[in-house]
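Visitor: See final-v7.txt below, with compact mmCIF, C-alpha atoms.
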# COMPACT_ATOMS: atom_id res chain seq x y z
CA MET A 179 2.05 73.46 -27.66
CA LYS A 180 4.41 75.59 -29.69
CA ILE A 181 5.30 79.21 -28.93
CA ILE A 182 5.98 81.68 -31.75
CA ASP A 183 7.94 84.86 -31.05
CA THR A 184 6.81 88.19 -32.47
CA LYS A 185 8.72 91.37 -33.28
CA ILE A 186 7.90 92.55 -29.73
CA PRO A 187 9.47 89.89 -27.47
CA ALA A 188 6.83 90.12 -24.71
CA LEU A 189 4.00 89.24 -27.14
CA LYS A 190 3.70 85.54 -27.94
CA ILE A 191 1.61 83.49 -30.35
CA LEU A 192 0.74 80.04 -29.06
CA GLU A 193 -0.06 77.17 -31.37
CA PRO A 194 -1.71 74.21 -29.64
CA SER A 195 -1.19 70.60 -30.61
CA VAL A 196 -4.43 69.63 -32.33
CA PHE A 197 -5.49 66.00 -32.59
CA ALA A 198 -7.97 65.57 -35.44
CA ASP A 199 -9.67 62.57 -36.99
CA ASP A 200 -12.92 61.79 -38.78
CA ARG A 201 -14.87 62.53 -35.57
CA GLY A 202 -13.54 66.08 -35.21
CA TYR A 203 -10.67 67.43 -33.14
CA PHE A 204 -9.34 67.84 -29.62
CA PHE A 205 -6.80 70.27 -28.20
CA GLU A 206 -5.78 71.59 -24.82
CA SER A 207 -6.64 75.29 -24.90
CA TYR A 208 -5.11 76.10 -21.53
CA SER A 209 -2.61 74.48 -19.19
CA TYR A 210 -0.91 76.52 -16.50
CA GLU A 211 1.95 74.00 -16.33
CA LYS A 212 2.60 74.01 -20.09
CA LEU A 213 2.49 77.80 -20.28
CA LYS A 214 4.87 78.03 -17.32
CA GLU A 215 7.29 75.70 -19.14
CA LEU A 216 7.09 78.08 -22.13
CA GLY A 217 7.91 81.10 -19.93
CA ILE A 218 4.38 82.42 -19.33
CA ASP A 219 3.92 82.21 -15.58
CA LYS A 220 0.54 83.90 -15.12
CA ILE A 221 -2.46 82.89 -13.11
CA PHE A 222 -5.68 83.88 -14.86
CA VAL A 223 -8.58 84.85 -12.60
CA GLN A 224 -11.34 85.82 -15.03
CA ASP A 225 -12.59 84.51 -18.38
CA ASN A 226 -14.50 86.77 -20.77
CA GLU A 227 -16.30 86.01 -24.02
CA SER A 228 -17.81 88.24 -26.68
CA LYS A 229 -19.87 87.54 -29.77
CA SER A 230 -19.77 90.08 -32.59
CA GLN A 231 -20.99 90.51 -36.12
CA LYS A 232 -18.48 90.98 -38.93
CA GLY A 233 -16.74 94.36 -38.92
CA VAL A 234 -16.92 95.07 -35.18
CA LEU A 235 -13.77 96.62 -33.75
CA ARG A 236 -13.28 96.45 -29.99
CA GLY A 237 -10.31 98.37 -28.62
CA LEU A 238 -7.70 99.46 -28.09
CA HIS A 239 -8.28 98.76 -24.36
CA PHE A 240 -6.17 98.30 -21.25
CA GLN A 241 -6.35 98.59 -17.47
CA ASN A 242 -3.90 100.81 -15.62
CA PRO A 243 -1.82 99.62 -12.66
CA PRO A 244 -2.44 98.32 -10.07
CA PHE A 245 -5.24 96.54 -11.98
CA ALA A 246 -3.28 95.92 -15.20
CA GLN A 247 -4.23 92.70 -16.97
CA ALA A 248 -2.30 90.12 -18.92
CA LYS A 249 -4.57 88.36 -21.43
CA LEU A 250 -4.55 85.06 -23.23
CA VAL A 251 -6.94 85.42 -26.16
CA ARG A 252 -8.36 83.09 -28.78
CA VAL A 253 -11.24 82.69 -31.21
CA VAL A 254 -13.79 79.96 -30.57
CA LYS A 255 -15.81 80.64 -33.74
CA GLY A 256 -15.02 82.88 -36.70
CA ALA A 257 -11.90 85.01 -37.10
CA VAL A 258 -10.34 88.25 -35.90
CA LEU A 259 -7.43 90.53 -36.62
CA ASP A 260 -5.96 90.86 -33.12
CA VAL A 261 -3.71 93.80 -32.22
CA ALA A 262 -1.53 94.66 -29.22
CA VAL A 263 0.22 98.03 -28.81
CA ASP A 264 3.17 98.46 -26.44
CA ILE A 265 2.33 101.22 -23.93
CA ARG A 266 5.28 100.60 -21.58
CA LYS A 267 6.95 104.04 -21.66
CA ASN A 268 10.49 102.73 -21.00
CA SER A 269 10.23 99.94 -23.56
CA PRO A 270 12.35 100.03 -26.74
CA THR A 271 9.17 99.06 -28.62
CA TYR A 272 6.95 101.75 -27.03
CA GLY A 273 4.18 102.70 -29.47
CA GLN A 274 4.82 99.71 -31.74
CA HIS A 275 2.25 97.00 -32.37
CA VAL A 276 1.82 93.41 -33.47
CA CYS A 277 -1.12 92.13 -35.53
CA VAL A 278 -2.06 88.46 -35.70
CA GLU A 279 -5.00 86.65 -37.25
CA LEU A 280 -6.74 84.31 -34.85
CA SER A 281 -9.41 81.95 -36.12
CA GLU A 282 -11.34 78.82 -35.33
CA GLN A 283 -9.34 77.19 -38.14
CA ASN A 284 -5.82 78.03 -36.97
CA LYS A 285 -6.70 77.72 -33.25
CA ARG A 286 -3.86 80.08 -32.37
CA MET A 287 -3.80 82.00 -29.11
CA PHE A 288 -2.17 85.34 -28.43
CA TYR A 289 -0.51 86.19 -25.11
CA VAL A 290 -0.69 89.91 -24.29
CA PRO A 291 1.08 90.85 -21.03
CA GLU A 292 0.44 93.87 -18.83
CA GLY A 293 1.52 97.13 -20.44
CA PHE A 294 -0.19 96.63 -23.78
CA ALA A 295 -3.35 98.11 -25.26
CA HIS A 296 -5.37 95.37 -26.93
CA GLY A 297 -8.07 95.30 -29.59
CA PHE A 298 -9.53 93.17 -32.34
CA LEU A 299 -11.56 93.44 -35.54
CA THR A 300 -13.99 90.63 -36.36
CA LEU A 301 -13.48 89.21 -39.85
CA GLU A 302 -16.51 86.89 -39.92
CA GLU A 303 -20.15 86.99 -38.81
CA ASN A 304 -20.97 85.73 -35.33
CA THR A 305 -17.36 85.59 -34.19
CA ILE A 306 -16.93 84.33 -30.64
CA PHE A 307 -13.83 85.69 -28.93
CA SER A 308 -12.56 84.33 -25.61
CA TYR A 309 -9.99 85.79 -23.27
CA LYS A 310 -8.45 84.92 -19.96
CA CYS A 311 -7.41 87.82 -17.73
CA SER A 312 -4.83 87.85 -14.95
CA GLN A 313 -6.65 90.56 -13.00
CA PHE A 314 -10.31 91.28 -12.31
CA TYR A 315 -11.96 94.09 -14.29
CA ASN A 316 -11.83 97.47 -12.55
CA LYS A 317 -13.84 100.25 -14.20
CA GLU A 318 -11.83 103.08 -12.61
CA SER A 319 -8.57 101.80 -14.10
CA GLU A 320 -9.77 101.21 -17.66
CA GLY A 321 -8.18 103.11 -20.51
CA ALA A 322 -8.27 103.19 -24.28
CA LEU A 323 -6.42 104.50 -27.31
CA LEU A 324 -8.00 105.64 -30.56
CA TRP A 325 -8.16 102.64 -32.89
CA ASN A 326 -7.19 104.56 -36.05
CA ASP A 327 -4.57 106.93 -34.63
CA GLU A 328 -2.21 107.75 -37.50
CA THR A 329 0.79 107.66 -35.11
CA LEU A 330 0.16 103.97 -34.39
CA ALA A 331 -0.31 103.22 -38.12
CA ILE A 332 -2.26 99.99 -37.59
CA ASN A 333 -3.51 98.46 -40.83
CA TRP A 334 -6.98 97.31 -39.82
CA SER A 335 -7.95 96.83 -43.50
CA THR A 336 -11.15 98.77 -42.89
CA GLU A 337 -12.06 102.43 -42.67
CA HIS A 338 -15.56 102.07 -41.25
CA PRO A 339 -15.70 99.44 -38.51
CA ILE A 340 -18.61 99.13 -36.10
CA LEU A 341 -17.47 100.86 -32.90
CA SER A 342 -18.78 101.57 -29.41
CA GLU A 343 -19.25 105.23 -28.48
CA LYS A 344 -16.34 104.88 -26.05
CA ASP A 345 -14.00 103.64 -28.78
CA LYS A 346 -15.01 106.44 -31.16
CA ILE A 347 -13.74 109.09 -28.72
CA ALA A 348 -10.70 107.36 -27.19
CA PRO A 349 -7.62 109.59 -26.89
CA LYS A 350 -4.87 109.68 -29.47
CA PHE A 351 -1.51 108.17 -28.61
CA SER A 352 0.10 111.66 -28.54
CA GLU A 353 -2.40 112.70 -25.80
CA PHE A 354 -1.85 109.54 -23.78
CA GLN A 355 0.11 109.46 -20.50
CA SER A 356 1.19 105.89 -19.83
CA GLY A 357 0.99 104.50 -16.31
CA PHE A 358 3.29 101.63 -17.26
What does the file become when written as structure tokens?
Guide:
Amino acid sequence: MKIIDTKIPALKILEPSVFADDRGYFFESYSYEKLKELGIDKIFVQDNESKSQKGVLRGLHFQNPPFAQAKLVRVVKGAVLDVAVDIRKNSPTYGQHVCVELSEQNKRMFYVPEGFAHGFLTLEENTIFSYKCSQFYNKESEGALLWNDETLAINWSTEHPILSEKDKIAPKFSEFQSGF
């Protein structure tokens, strides 16, 4: 497995070693020991999966402390534009974001530690998105930021995604009080 640094040092792209032949392919999608060797020492306690049609945008979501979650995300089928926004108020990259394309073809994974809002836009029909979480879901600690906030300046390459009602009314970054 190879780790790729991003412009925000805490966010990491992971590229697995894929073994392919005429039968198909094999790769290790998760190994606690290998991630620990790469500097990601997290125990994941919950796996989640979503299936979405093309053009669905989910996010930007997070859980506040003490239920903050680190996530290890990947695409099983299809493709997404995956985004993480730094919401750690004392961070030099506070309010900045990283975008990465994850797909069933590139098999990349994205590590998003605690203190980041996370979201993704599906780029293909019937995209299956999988994520490991380091903390169990807690409804009372969930939070969100408005996906198209001009302050964040995220280039989603779409103006009319399919959104949940919750994501349509999420607060702007300027109205947000970080708990991180």
Visitor: For the point (-13.3, 85.3, -28.6) in the file's frame, write as a PyMOL selection string all residues with an atom no more than 7 Å away, counting only C-alpha atoms.
Guide: chain A and resi 227-228+251-254+305-309
Visitor: Calculated over only C-alpha atoms, which of the candidates A:Gln313, A:Asn226, A:Thr329, A:Gln274 has the smallest distance to A:Ala295?
Guide: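 Using only C-alpha atoms, the shortest distance to A:Ala295 belongs to A:Gln274.
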Visitor: Any idea what's packed within 10 Å of A:Pro244, counting only C-alpha atoms, ignoring anything in its chain fewer than 6 positions away? Could you give it as a PyMOL selection string?
Guide: chain A and resi 313+316+319+357-358
Visitor: Give me, as an NGL selection string, all polymer residues having an atom no more than 12 Å from stretch 276-280 of chain A, counting only C-alpha atoms and skipping those fewer than 6 positions away in the same chain.
Guide: :A and (182-193 or 250-264 or 286-290 or 294-302 or 305-308 or 330-335)
Visitor: Do a neighbour search on A:Leu324 at 8 Å with all atoms listed in the file, toss out local chain neighbours closer than 4 positions, and write the hits as a PyMOL selection string.
Guide: chain A and resi 237-238+345-351
Visitor: Which one of A:Gln247, A:Ser209, A:Gln241, A:Asn326 sits closest to A:Pro339 if you count all atoms listed in the file?
Guide: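 For A:Pro339, the nearest of the candidates is A:Asn326.
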Visitor: With distances taken over all atoms listed in the file, which residue among A:Glu343, A:Glu353, A:Glu206, A:Asp219 lies nearest A:Asp327?
Guide: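 Residue with the minimum atom-to-atom distance to A:Asp327: A:Glu353.
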Visitor: Just give me the gap between atom CA of A:Lys232 and atom CA of A:Asn304 in Å, one decimal is fine.
Guide: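 Here the two named atoms are 6.8 Å from each other.
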Visitor: Rank nothing, just name the residue among A:Phe314, A:Asp199, A:Arg266, A:Thr271 nearest to A:Phe354, using all atoms listed in the file.
Guide: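 Looking at the shortest contact to A:Phe354, the residue is A:Arg266.
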